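**Student:** One structure, as structure tokens, below. Some questions next.
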Amino acid sequence: MKFGIVTFPGSNREIDASLAVTQGVGADVVHLWHKDHDLQGADVIILPGGFSYGDYLRAGAIARFSPIMREVVEHARRGAPVLGICNGFQILCEAHLLPGALLRNASLRFASQWVHLRVENADTLFTNAYEKGQLIRVPVAHGDGRYTADADTLKSIEDRGQVAFRYVDRHGNPLPDANPNGSLNDIAGIVNDRGNVLGLMPHPEDAVDPLLGSTDGLGLFESILARVAA
Amino acid sequence: MTRYRVAVHIVPRKGVLDPQGKAVADALHALGFGAVRDARVGRHLILDVDAADASSAESSVRGMCDKLLANPVTEDYEIAGVSTS
């Protein structure tokens, strides 16, 4: 069981993701460079947070055409797991592996804070270690996290249970103040139609040790291990 | 081959919340420009492109917009001008 973590120019959470995998759940990591053409046998691909290509043009728009993305798209098309965190979520949307887009936070401010998420679907590859409705506490750190999709797409992902995580307050209520970026329907993370690609703006990889203030992010990595371990 | 200068406007699609545009409109109102009904903030790109003629310069830039320069989920683009540079 091996996680491949892709570093783009401007990625900055690849080490956090690596530690979450190795120290958090004891799996192996191989670091992949954006110019590589080989996933080196990785079972799960993580596109980490950061500011690939300086967020020039649009967040994720240029990284999406990095050489390794051809293999990442193929990996996803085979039904293998791909996890995009923060900038990784933006890249997955730009690559059309996930529907919708992520725009500038409605507040126009960079959001760096702890948030509460409600697990909306606990049957996915990425969330099966949680209970449906469970609240988890994880940090966000982004300027472009406002999830947007047209009305038909939004209805479709809601109806099909593709919303994995939603921003809520500490009591589990979806409130405007609990949504750090103005995402439609308070959406924090979604899976694709097939359920093998997850994108989310918050950072579960930074909530995997009591020293960090929360271990609620571990469940995401445990979920993947439980389904993929072979 | 001739070198053409192609200008492109890319703006947030109508109906997509544009907080930058709203902040600009609010600032203009505060400065007394009360006639402003709406503002949207986008990008203006200027591309120097070698092409056989103006229409092929424009069509190649449209291809660039479709593939990279604009996001069809949230943005509209228009070719603002084609000239020999």
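Following the order of the structure tokens, chains are lettered A, B, ..., residues in each are numbered from 1, and ligands are numbered from 1.
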At a cut-off of 12 Å, which residues of chain A touch chain B? Count only C-alpha atoms and give the answer as a PyMOL selection string.
**Tutor:** chain A and resi 56-65+90+93-96+98-109+144+146-153+181-184
**Student:** Please identify all polymer residues within 12 Å of Leu212 in chain A, counting only C-alpha atoms, omitting same-chain residues fewer than 3 positions from it, and present them as a ChimeraX atom specification.
**Tutor:** /A:16,20,114,137-139,203-209,215-218
**Student:** Calculate how many Å separate CA of Glu78 in chain B from CA of Arg3 in chain B, rounding to one decimal.
**Tutor:**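 Those two atoms sit 19.9 Å apart.
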**Student:** Which residues are close to Asp50 in chain B, i.e. within 10 Å by only C-alpha atoms, leaving aside same-chain residues fewer than 5 positions away? Reply as JSON, numbers by chain.
**Tutor:** {"B": [1, 2, 3, 4, 5, 56, 57, 60, 84]}
**Student:** Mind the document's chain letters and residue numbers, and return as a ChimeraX atom specification the residues of chain B that DSSP labels helix (DSSP H, G or I).
**Tutor:** /B:19-30,54-69
**Student:** Which residue gives the smallest distance to Ser55 in chain B among B:Arg40, B:Ala35, B:Gly21, B:Ile79, with only C-alpha atoms counted?
**Tutor:**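 Checking each of B:Arg40, B:Ala35, B:Gly21, B:Ile79 against Ser55 in chain B, counting only C-alpha atoms, the winner is B:Ile79.
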**Student:** Just how far from CA of Val24 in chain B is CA of Gln113 in chain A, in Å to one decimal?
**Tutor:** 26.4 Å
